[in-house]
>>> print(open('data_0.txt').read())   # compact mmCIF, C-alpha atoms and all ligand atoms
# COMPACT_ATOMS: atom_id res chain seq x y z
CA MET A 13 -105.38 84.17 71.91
CA LYS A 14 -101.63 83.51 72.05
CA GLU A 15 -100.11 83.11 68.60
CA SER A 16 -98.10 79.88 68.34
CA ARG A 17 -94.47 80.52 67.46
CA LYS A 18 -93.11 79.37 64.14
CA LYS A 19 -91.02 76.21 64.29
CA ARG A 20 -87.26 76.57 63.85
CA ILE A 21 -85.85 74.15 61.30
CA LEU A 22 -82.22 73.59 60.36
CA LEU A 23 -81.55 72.83 56.70
CA ILE A 24 -78.42 70.69 56.38
CA GLY A 25 -77.04 70.43 52.84
CA THR A 26 -75.13 67.33 51.79
CA GLY A 27 -75.37 67.61 47.98
CA GLY A 28 -77.19 65.45 45.42
CA THR A 29 -79.10 66.27 42.26
CA ILE A 30 -81.28 68.79 44.07
CA ALA A 31 -78.22 71.04 44.45
CA SER A 32 -76.62 70.12 41.13
CA GLU A 33 -75.80 72.14 38.05
CA ILE A 34 -74.27 71.14 34.74
CA THR A 35 -70.49 71.36 35.05
CA GLU A 36 -68.03 72.51 32.40
CA SER A 37 -66.17 69.20 32.60
CA GLY A 38 -69.42 67.33 31.89
CA GLY A 39 -72.26 65.88 33.91
CA LEU A 40 -74.25 67.15 36.85
CA ALA A 41 -72.46 67.85 40.12
CA PRO A 42 -73.63 69.40 43.40
CA GLU A 43 -72.72 73.08 43.36
CA LEU A 44 -75.53 75.06 45.00
CA THR A 45 -75.32 75.94 48.67
CA THR A 46 -78.21 75.56 51.10
CA GLU A 47 -78.68 79.36 51.01
CA GLU A 48 -78.96 79.26 47.22
CA LEU A 49 -81.49 76.43 47.45
CA LEU A 50 -83.62 78.31 49.96
CA ALA A 51 -83.44 81.51 47.94
CA ARG A 52 -85.41 79.71 45.21
CA LEU A 53 -88.20 78.91 47.65
CA PRO A 54 -89.21 82.08 49.49
CA ALA A 55 -92.54 80.47 50.47
CA ILE A 56 -90.72 78.36 53.06
CA SER A 57 -90.78 81.36 55.38
CA ASP A 58 -94.58 80.87 55.62
CA ILE A 59 -93.98 77.39 57.10
CA CYS A 60 -91.10 77.92 59.52
CA GLU A 61 -88.00 79.85 60.44
CA THR A 62 -84.95 78.39 58.80
CA ASP A 63 -81.21 78.34 59.30
CA CYS A 64 -78.82 76.85 56.76
CA LEU A 65 -75.77 74.68 57.25
CA GLN A 66 -73.62 73.35 54.43
CA LEU A 67 -72.21 70.12 55.85
CA LEU A 68 -71.14 68.42 52.60
CA ASN A 69 -71.69 68.89 48.89
CA LEU A 70 -71.40 65.42 47.41
CA ASP A 71 -72.94 63.22 44.83
CA SER A 72 -74.31 60.60 47.22
CA THR A 73 -72.41 57.92 45.33
CA ASN A 74 -69.41 59.32 47.19
CA MET A 75 -71.10 59.13 50.60
CA THR A 76 -69.44 56.89 53.21
CA PRO A 77 -70.29 55.78 56.76
CA ALA A 78 -67.89 58.49 57.99
CA HIS A 79 -70.27 61.04 56.43
CA TRP A 80 -73.23 59.45 58.26
CA LEU A 81 -71.36 60.05 61.51
CA GLU A 82 -70.70 63.67 60.50
CA MET A 83 -74.46 64.11 60.04
CA VAL A 84 -75.12 62.58 63.46
CA ARG A 85 -72.64 64.92 65.17
CA CYS A 86 -74.06 67.89 63.30
CA ILE A 87 -77.61 67.11 64.49
CA ARG A 88 -76.52 66.16 68.02
CA ASP A 89 -74.62 69.42 68.54
CA ARG A 90 -77.62 71.50 67.47
CA TYR A 91 -80.44 69.28 68.69
CA GLY A 92 -81.53 71.66 71.43
CA ASP A 93 -81.63 74.70 69.13
CA TYR A 94 -84.14 73.45 66.56
CA ASP A 95 -87.58 71.83 66.35
CA GLY A 96 -86.66 69.73 63.35
CA PHE A 97 -84.04 69.01 60.72
CA VAL A 98 -84.15 68.74 56.91
CA LEU A 99 -81.22 67.10 55.15
CA THR A 100 -80.91 67.50 51.41
CA HIS A 101 -79.18 64.44 50.01
CA GLY A 102 -78.58 62.63 46.73
CA THR A 103 -81.17 59.99 46.00
CA ASP A 104 -78.76 57.21 45.06
CA THR A 105 -77.71 56.31 48.59
CA MET A 106 -80.37 58.20 50.52
CA ALA A 107 -82.01 54.96 51.70
CA TYR A 108 -78.70 53.81 53.26
CA THR A 109 -78.25 57.16 55.01
CA ALA A 110 -81.86 57.13 56.23
CA ALA A 111 -81.38 53.64 57.66
CA ALA A 112 -78.04 54.55 59.22
CA LEU A 113 -79.43 57.70 60.87
CA SER A 114 -82.35 55.62 62.20
CA TYR A 115 -79.88 53.45 64.15
CA LEU A 116 -77.49 56.24 65.09
CA ILE A 117 -80.18 58.63 66.35
CA GLN A 118 -82.85 56.62 68.15
CA ASP A 119 -86.07 57.79 69.82
CA SER A 120 -85.84 61.31 68.45
CA PRO A 121 -89.05 63.18 69.28
CA LYS A 122 -88.04 65.76 66.66
CA PRO A 123 -88.36 65.14 62.92
CA ILE A 124 -85.22 64.36 60.94
CA ILE A 125 -86.28 64.50 57.30
CA LEU A 126 -84.23 63.52 54.26
CA THR A 127 -85.17 64.75 50.85
CA GLY A 128 -83.66 65.32 47.44
CA ALA A 129 -84.75 65.28 43.83
CA GLN A 130 -84.48 63.46 40.55
CA LYS A 131 -84.07 66.76 38.65
CA PRO A 132 -81.97 69.77 39.75
CA ILE A 133 -83.74 72.77 41.22
CA GLY A 134 -82.63 74.93 38.27
CA PHE A 135 -84.35 72.77 35.62
CA ASP A 136 -87.74 73.82 34.18
CA SER A 137 -89.21 70.46 35.05
CA THR A 138 -88.07 69.63 38.57
CA ASP A 139 -89.34 67.82 41.63
CA SER A 140 -86.91 69.76 43.85
CA LYS A 141 -89.26 72.52 44.94
CA THR A 142 -92.18 70.28 45.88
CA ASN A 143 -89.92 67.86 47.73
CA LEU A 144 -88.20 70.62 49.66
CA MET A 145 -91.46 72.36 50.59
CA ASP A 146 -92.96 69.03 51.70
CA ALA A 147 -89.84 68.19 53.71
CA PHE A 148 -90.12 71.48 55.60
CA ARG A 149 -93.82 70.89 56.21
CA CYS A 150 -92.99 67.51 57.75
CA ALA A 151 -90.06 68.88 59.75
CA ALA A 152 -92.42 71.47 61.23
CA ALA A 153 -95.01 68.80 62.10
CA ASP A 154 -94.84 66.33 64.99
CA LEU A 155 -93.34 63.55 62.92
CA PRO A 156 -90.74 61.98 65.21
CA GLY A 157 -87.67 60.10 64.04
CA VAL A 158 -86.00 59.70 60.68
CA SER A 159 -88.00 59.67 57.46
CA ILE A 160 -87.67 60.32 53.76
CA VAL A 161 -90.13 62.77 52.22
CA PHE A 162 -90.23 62.39 48.48
CA ASN A 163 -92.83 62.80 45.75
CA GLY A 164 -95.60 63.48 48.26
CA GLN A 165 -94.88 60.40 50.35
CA VAL A 166 -93.50 60.02 53.84
CA ILE A 167 -91.42 56.86 54.24
CA LEU A 168 -89.96 55.53 57.47
CA GLY A 169 -86.14 55.75 57.41
CA THR A 170 -85.66 52.02 57.98
CA ARG A 171 -88.09 51.07 55.20
CA ALA A 172 -87.02 53.14 52.22
CA ARG A 173 -85.50 51.90 49.01
CA LYS A 174 -84.76 53.65 45.74
CA THR A 175 -86.83 51.65 43.27
CA ARG A 176 -86.84 53.97 40.24
CA SER A 177 -83.74 55.53 38.77
CA LYS A 178 -85.36 58.30 36.72
CA SER A 179 -88.98 59.12 37.49
CA PHE A 180 -90.13 61.38 40.32
CA GLN A 181 -91.57 58.39 42.20
CA ALA A 182 -88.04 57.35 43.16
CA PHE A 183 -88.64 55.65 46.53
CA SER A 184 -90.81 52.85 47.82
CA SER A 185 -91.65 51.84 51.34
CA ILE A 186 -90.72 48.17 51.65
CA ASN A 187 -92.86 45.79 53.72
CA PHE A 188 -94.35 48.71 55.65
CA PRO A 189 -97.05 51.28 54.89
CA HIS A 190 -96.22 54.91 54.18
CA LEU A 191 -96.30 57.05 57.30
CA GLY A 192 -98.39 59.53 55.38
CA ILE A 193 -98.77 61.52 52.21
CA LEU A 194 -98.72 65.19 51.30
CA ARG A 195 -101.59 66.38 49.21
CA ASP A 196 -101.64 70.02 48.06
CA GLY A 197 -99.20 70.86 50.80
CA VAL A 198 -101.18 69.19 53.59
CA LEU A 199 -99.68 66.28 55.52
CA LEU A 200 -102.15 63.43 55.91
CA ARG A 201 -100.96 60.93 58.50
CA TYR A 202 -101.62 57.22 58.07
CA ILE A 203 -99.53 56.16 61.04
CA ARG A 204 -98.87 58.12 64.19
CA GLN A 205 -95.62 57.28 65.95
CA ASP A 206 -94.77 57.69 69.62
CA CYS A 207 -93.36 61.12 70.20
CA GLY A 208 -92.09 60.84 73.78
CA GLY A 209 -88.64 60.27 75.15
CA SER A 210 -85.33 61.85 74.42
CA PRO A 211 -82.93 61.00 71.63
CA VAL A 212 -80.06 58.57 71.99
CA PHE A 213 -77.06 59.27 69.78
CA TYR A 214 -74.49 56.65 68.79
CA GLU A 215 -71.14 57.49 67.28
CA THR A 216 -69.42 54.26 66.37
CA LEU A 217 -69.86 52.00 63.38
CA ASP A 218 -68.03 48.90 62.29
CA THR A 219 -67.82 49.26 58.52
CA ARG A 220 -66.47 45.73 57.99
CA VAL A 221 -69.85 44.56 56.71
CA SER A 222 -70.11 43.13 53.20
CA LEU A 223 -72.89 42.09 50.88
CA LEU A 224 -72.98 39.26 48.36
CA LYS A 225 -75.70 38.81 45.77
CA LEU A 226 -76.01 35.17 44.70
CA VAL A 227 -76.30 34.18 41.06
CA PRO A 228 -77.15 30.64 39.98
CA GLY A 229 -74.09 28.42 39.89
CA MET A 230 -71.95 30.60 42.16
CA GLY A 231 -69.46 28.82 44.43
CA ARG A 232 -67.96 29.81 47.79
CA ASP A 233 -64.90 31.73 46.50
CA LEU A 234 -66.41 35.17 46.63
CA ALA A 235 -67.96 34.52 50.04
CA ASP A 236 -64.56 33.34 51.35
CA PHE A 237 -62.91 36.48 49.97
CA LEU A 238 -65.44 38.77 51.65
CA LEU A 239 -65.45 36.88 54.93
CA ALA A 240 -61.66 37.06 55.18
CA ARG A 241 -61.87 40.87 55.06
CA ASN A 242 -65.01 41.58 57.05
CA ASP A 243 -66.73 40.88 60.36
CA ALA A 244 -70.11 40.20 58.75
CA LEU A 245 -71.43 38.96 55.44
CA ILE A 246 -74.98 39.52 54.23
CA ILE A 247 -75.99 37.05 51.55
CA GLU A 248 -78.82 38.13 49.25
CA SER A 249 -80.19 34.77 48.32
CA PHE A 250 -83.21 33.69 46.26
CA GLY A 251 -86.89 33.62 47.22
CA VAL A 252 -87.66 33.11 50.90
CA GLY A 253 -84.01 32.16 51.38
CA GLY A 254 -81.60 29.25 51.11
CA LEU A 255 -78.13 28.46 49.82
CA PRO A 256 -77.15 26.14 46.96
CA GLU A 257 -76.22 22.65 48.14
CA HIS A 258 -73.31 22.60 45.68
CA GLY A 259 -70.34 24.98 45.60
CA GLY A 260 -69.20 24.50 49.20
CA PHE A 261 -71.38 27.16 50.81
CA TYR A 262 -72.23 25.06 53.85
CA SER A 263 -68.59 24.40 54.72
CA CYS A 264 -67.80 28.07 54.03
CA ILE A 265 -70.41 29.06 56.60
CA ARG A 266 -69.16 26.53 59.15
CA ASP A 267 -65.60 27.92 58.77
CA ALA A 268 -66.82 31.50 59.07
CA MET A 269 -68.88 30.75 62.17
CA ALA A 270 -65.87 29.08 63.77
CA ALA A 271 -63.87 32.25 63.01
CA GLY A 272 -66.50 34.35 64.81
CA LYS A 273 -68.08 35.95 61.74
CA ILE A 274 -71.71 37.00 61.52
CA ILE A 275 -73.73 35.80 58.54
CA VAL A 276 -77.15 37.13 57.65
CA LEU A 277 -79.33 35.64 54.96
CA THR A 278 -81.74 37.89 53.12
CA THR A 279 -83.55 37.81 49.82
CA GLN A 280 -83.17 39.44 46.42
CA VAL A 281 -86.95 39.65 46.24
CA GLU A 282 -88.01 43.19 47.09
CA ASN A 283 -91.24 42.47 48.90
CA GLU A 284 -92.36 40.16 51.71
CA GLY A 285 -88.94 39.18 53.05
CA SER A 286 -87.25 35.92 53.98
CA ASP A 287 -88.50 32.77 55.66
CA VAL A 288 -85.40 30.63 55.63
CA GLY A 289 -86.83 27.57 57.36
CA VAL A 290 -89.38 26.75 54.66
CA TYR A 291 -87.21 24.82 52.20
CA HIS A 292 -84.60 22.16 52.76
CA VAL A 293 -81.98 24.49 51.16
CA GLY A 294 -82.46 26.92 54.03
CA HIS A 295 -83.58 24.86 57.00
CA ALA A 296 -80.18 23.76 58.29
CA LEU A 297 -78.68 27.23 57.90
CA LYS A 298 -80.69 28.61 60.77
CA ASN A 299 -81.24 25.61 62.92
CA GLU A 300 -77.80 24.02 62.79
CA LEU A 301 -75.40 26.68 61.54
CA GLY A 302 -76.67 29.75 63.40
CA VAL A 303 -77.11 32.03 60.39
CA LEU A 304 -79.32 35.07 61.10
CA GLU A 305 -82.11 36.04 58.75
CA ALA A 306 -83.39 39.43 57.75
CA TYR A 307 -87.11 38.60 57.62
CA ASP A 308 -88.88 41.75 56.38
CA MET A 309 -85.94 44.17 56.75
CA THR A 310 -84.54 45.96 53.73
CA THR A 311 -80.98 45.17 52.71
CA GLU A 312 -80.12 48.84 53.32
CA ALA A 313 -81.36 48.52 56.89
CA VAL A 314 -79.52 45.22 57.43
CA VAL A 315 -76.24 46.80 56.29
CA ALA A 316 -76.67 49.82 58.57
CA LYS A 317 -77.97 47.79 61.52
CA LEU A 318 -75.01 45.39 61.41
CA MET A 319 -72.55 48.31 61.23
CA TRP A 320 -74.27 49.87 64.25
CA ILE A 321 -74.46 46.60 66.24
CA LEU A 322 -70.89 45.53 65.50
CA GLY A 323 -69.73 48.99 66.50
CA ARG A 324 -71.10 48.18 69.95
CA THR A 325 -70.38 44.50 70.46
CA LYS A 326 -68.82 41.47 68.79
CA ARG A 327 -70.39 38.95 71.20
CA ARG A 328 -72.50 36.62 69.07
CA ALA A 329 -75.41 36.28 71.51
CA GLU A 330 -75.60 40.04 71.93
CA VAL A 331 -75.31 40.65 68.18
CA GLU A 332 -78.19 38.24 67.64
CA ARG A 333 -80.32 39.82 70.36
CA LEU A 334 -79.78 43.34 68.99
CA PHE A 335 -80.30 42.21 65.40
CA TYR A 336 -83.76 40.85 66.18
CA THR A 337 -84.71 43.76 68.47
CA PRO A 338 -86.84 46.18 66.44
CA VAL A 339 -85.43 49.70 66.01
CA ALA A 340 -87.66 52.28 64.35
CA ARG A 341 -89.96 49.49 63.18
CA ASP A 342 -87.26 48.02 60.97
CA ILE A 343 -88.34 44.42 61.59
CA LEU A 344 -91.85 43.30 62.34
CA TRP A 345 -92.14 39.68 61.59
CA PRO A 346 -92.11 37.37 63.45
CA VAL A 347 -90.65 39.44 66.27
CA GLU A 348 -93.63 41.63 67.09
N1 LIG B 1 -76.23 60.89 41.67
C1 LIG B 1 -77.15 61.70 42.45
C2 LIG B 1 -76.84 61.49 43.93
O1 LIG B 1 -77.24 60.50 44.48
C3 LIG B 1 -78.56 61.34 42.14
C4 LIG B 1 -79.62 62.14 42.84
O2 LIG B 1 -79.41 62.91 43.73
O3 LIG B 1 -80.80 61.96 42.43
O4 LIG B 1 -76.20 62.32 44.51
>>> encode(input="data_0.txt", output="structure tokens", more="lines below")
Ligand code: ASP
Amino acid sequence: MKESRKKRILLIGTGGTIASEITESGGLAPELTTEELLARLPAISDICETDCLQLLNLDSTNMTPAHWLEMVRCIRDRYGDYDGFVLTHGTDTMAYTAAALSYLIQDSPKPIILTGAQKPIGFDSTDSKTNLMDAFRCAAADLPGVSIVFNGQVILGTRARKTRSKSFQAFSSINFPHLGILRDGVLLRYIRQDCGGSPVFYETLDTRVSLLKLVPGMGRDLADFLLARNDALIIESFGVGGLPEHGGFYSCIRDAMAAGKIIVLTTQVENEGSDVGVYHVGHALKNELGVLEAYDMTTEAVVAKLMWILGRTKRRAEVERLFYTPVARDILWPVE
């Protein structure tokens, strides 16, 4: 019988705790290279063949949309040479990067896996080794598209959020089931995604997208400030969604719409999403003012999706159409 060849996986290092060591000037900072990371996990050679590429070495707090585009170019240029990709990344902004890569690399039949750790690989108690091994297992499986593999869970790139700042269970899948889990090194799939097609790469983003979290009693000043400097404003409102009837928000939105800005209403509540039409405080926003709503999308995905859409078009009707068109199962309700 013909022996199946081992999968070829490219490990792309971008930094984060997983690659961090304690610095002389104080605090953890990414210092280890991808080669040094791999050297601590010789068992990976049982799973796949691996090449290493050190793209960045950043605390992910310092990550910007320009870095997302660097990752896209890095994967695009090597897409034909590998069966899958593992990106090591800091956990703090990993959910934003996962969402951004989901819009910038669509319909990838090959796995693009992000992972990292809450504790550096050199610490006695660390999640780095398990996460890295699991990430390689997933990259060598037929798990198409962008996902985060962390603490034994596989989370769709458009659905991830960092929900714990310290414990190993750092990420949650928001308003969507896990794609699968890893138990004792075996990937158990809950959801099987379509694997066909060829990838589409995008290379432009409009970063003039801002986010405002409402607090009770807030007026329009901050919204005006952000709208004057950006093409889109996402407002994280309360509950299923609405805006205070005091404070001038409605006239602020009318002015912004007239100036061609895009406004998206979402919710501060982590689970179950928005439903802006339910209450009087939200009804007019959609029906009369033309505000978009995020429904079950994560805020991370809304930020990345707007940057991707506005990098392609500024035409309101087209922005609206693309916003409500599902990409990598980022929005399910009530669209599908
Ligand atoms: N500050 C680190 C980062 O996001 C945290 C981590 O990796 O867990 O790069």
>>> atom_distance(input="data_0.txt", atom1="CA of Gly157 (chain A)", atom2="CA of Ile193 (chain A)")
16.3 Å
>>> closest_atom_pairs(input="data_0.txt", of="chain A", to="ligand LIG 1 (chain B)", cutoff="9 Å", atoms="all atoms listed in the file", output="CSV")
residue,atom,partner,partner_atom,distance
A:Thr26,CA,B:LIG1,O4,8.9
A:Gly27,CA,B:LIG1,O4,6.4
A:Gly28,CA,B:LIG1,O4,3.4
A:Thr29,CA,B:LIG1,O2,3.7
A:Ile30,CA,B:LIG1,O2,6.2
A:Ala31,CA,B:LIG1,O2,8.2
A:Ser32,CA,B:LIG1,O2,8.2
A:Leu40,CA,B:LIG1,N1,8.1
A:Ala41,CA,B:LIG1,O4,8.0
A:Pro42,CA,B:LIG1,O4,7.6
A:Leu70,CA,B:LIG1,O4,6.4
A:Asp71,CA,B:LIG1,O4,3.4
A:Ser72,CA,B:LIG1,O4,3.7
A:Thr73,CA,B:LIG1,O1,5.5
A:Asn74,CA,B:LIG1,O4,7.9
A:Met75,CA,B:LIG1,O4,8.6
A:His101,CA,B:LIG1,O2,6.5
A:Gly102,CA,B:LIG1,O2,3.1
A:Thr103,CA,B:LIG1,O3,4.1
A:Asp104,CA,B:LIG1,O1,3.7
A:Thr105,CA,B:LIG1,O1,5.9
A:Met106,CA,B:LIG1,O1,7.2
A:Gly128,CA,B:LIG1,O2,6.1
A:Ala129,CA,B:LIG1,O3,5.3
A:Gln130,CA,B:LIG1,O3,4.4
A:Lys131,CA,B:LIG1,O3,6.9
A:Pro132,CA,B:LIG1,O2,8.3
A:Ser177,CA,B:LIG1,O3,8.0
A:Lys178,CA,B:LIG1,O3,8.2
A:Ala182,CA,B:LIG1,O3,8.6
>>> closest_residue(input="data_0.txt", among="A:Glu43, A:Ile275, A:Gln66, A:Gln280", to="Phe335 (chain A)", atoms="all atoms listed in the file")
A:Ile275
>>> residues_around(input="data_0.txt", residues="region 230-235 of chain A", least_positions_apart="4", cutoff="7 Å", atoms="all atoms listed in the file", output="list in words")
Leu226, Leu239, Gly259, Gly260, Phe261 and Cys264 of chain A
>>> write_last_selection(input="data_0.txt", atoms="C-alpha atoms", output="short mmCIF file (atom, residue, chain, number, x, y, z; two decimals), in the coordinates of the input")
data_model
loop_
_atom_site.label_atom_id
_atom_site.label_comp_id
_atom_site.auth_asym_id
_atom_site.auth_seq_id
_atom_site.Cartn_x
_atom_site.Cartn_y
_atom_site.Cartn_z
CA LEU A 226 -76.01 35.17 44.70
CA LEU A 239 -65.45 36.88 54.93
CA GLY A 259 -70.34 24.98 45.60
CA GLY A 260 -69.20 24.50 49.20
CA PHE A 261 -71.38 27.16 50.81
CA CYS A 264 -67.80 28.07 54.03
#
>>> atom_distance(input="data_0.txt", atom1="CA of Ala240 (chain A)", atom2="CA of Asp267 (chain A)")
10.6 Å
>>> residues_around(input="data_0.txt", residues="Gly197 (chain A)", least_positions_apart="2", cutoff="10 Å", atoms="only C-alpha atoms", output="mmCIF file with C-alpha atoms, keeping the file's coordinate frame")
data_model
loop_
_atom_site.group_PDB
_atom_site.id
_atom_site.type_symbol
_atom_site.label_atom_id
_atom_site.label_comp_id
_atom_site.auth_asym_id
_atom_site.auth_seq_id
_atom_site.Cartn_x
_atom_site.Cartn_y
_atom_site.Cartn_z
ATOM 1 C CA THR A 142 -92.180 70.280 45.880
ATOM 2 C CA MET A 145 -91.460 72.360 50.590
ATOM 3 C CA ASP A 146 -92.960 69.030 51.700
ATOM 4 C CA ARG A 149 -93.820 70.890 56.210
ATOM 5 C CA CYS A 150 -92.990 67.510 57.750
ATOM 6 C CA GLY A 164 -95.600 63.480 48.260
ATOM 7 C CA ILE A 193 -98.770 61.520 52.210
ATOM 8 C CA LEU A 194 -98.720 65.190 51.300
ATOM 9 C CA ARG A 195 -101.590 66.380 49.210
ATOM 10 C CA LEU A 199 -99.680 66.280 55.520
ATOM 11 C CA LEU A 200 -102.150 63.430 55.910
#
>>> atom_distance(input="data_0.txt", atom1="CA of Leu217 (chain A)", atom2="CA of Leu245 (chain A)")
15.3 Å
>>> closest_residue(input="data_0.txt", among="A:Arg171, A:His295, A:Arg85, A:Arg17", to="Tyr108 (chain A)", atoms="all atoms listed in the file")
A:Arg171
>>> closest_residue(input="data_0.txt", among="A:Ile117, A:Ala340, A:Ile87, A:Leu44", to="Pro211 (chain A)", atoms="all atoms listed in the file")
A:Ile117
>>> residues_around(input="data_0.txt", residues="Glu312 (chain A)", least_positions_apart="6", cutoff="9 Å", atoms="all atoms listed in the file", output="PyMOL selection string")
chain A and resi 107-112+170-173
>>> residues_near_point(input="data_0.txt", point="(-85.5, 44.4, 65.7)", cutoff="12 Å", atoms="only C-alpha atoms", output="PyMOL selection string")
chain A and resi 115+170+305-309+313-314+317-318+321+331-348
>>> residues_near_point(input="data_0.txt", point="(-80.4, 65.3, 53.9)", cutoff="7 Å", atoms="all atoms listed in the file", output="number ranges by chain")
A: 24-26, 98-101, 125-127
>>> closest_residue(input="data_0.txt", among="A:Ile21, A:Ile167, A:Ala147, A:Cys207", to="Phe188 (chain A)", atoms="only C-alpha atoms")
A:Ile167
>>> residues_around(input="data_0.txt", residues="Gly192 (chain A)", least_positions_apart="2", cutoff="6 Å", atoms="only C-alpha atoms", output="mmCIF file with C-alpha atoms, in the coordinates of the input")
data_model
loop_
_atom_site.group_PDB
_atom_site.id
_atom_site.type_symbol
_atom_site.label_atom_id
_atom_site.label_comp_id
_atom_site.auth_asym_id
_atom_site.auth_seq_id
_atom_site.Cartn_x
_atom_site.Cartn_y
_atom_site.Cartn_z
ATOM 1 C CA VAL A 166 -93.500 60.020 53.840
ATOM 2 C CA HIS A 190 -96.220 54.910 54.180
ATOM 3 C CA LEU A 200 -102.150 63.430 55.910
ATOM 4 C CA ARG A 201 -100.960 60.930 58.500
ATOM 5 C CA TYR A 202 -101.620 57.220 58.070
#
>>> residues_around(input="data_0.txt", residues="Gly209 (chain A)", least_positions_apart="4", cutoff="10 Å", atoms="only C-alpha atoms", output="list in words")
Gln118, Asp119, Ser120 and Pro121 of chain A
>>> closest_residue(input="data_0.txt", among="A:Tyr91, A:Ser16, A:Asn242, A:Phe148", to="Ser57 (chain A)", atoms="all atoms listed in the file")
A:Phe148
>>> closest_residue(input="data_0.txt", among="A:Pro54, A:Gly208, A:Gly96, A:Pro256", to="His292 (chain A)", atoms="all atoms listed in the file")
A:Pro256
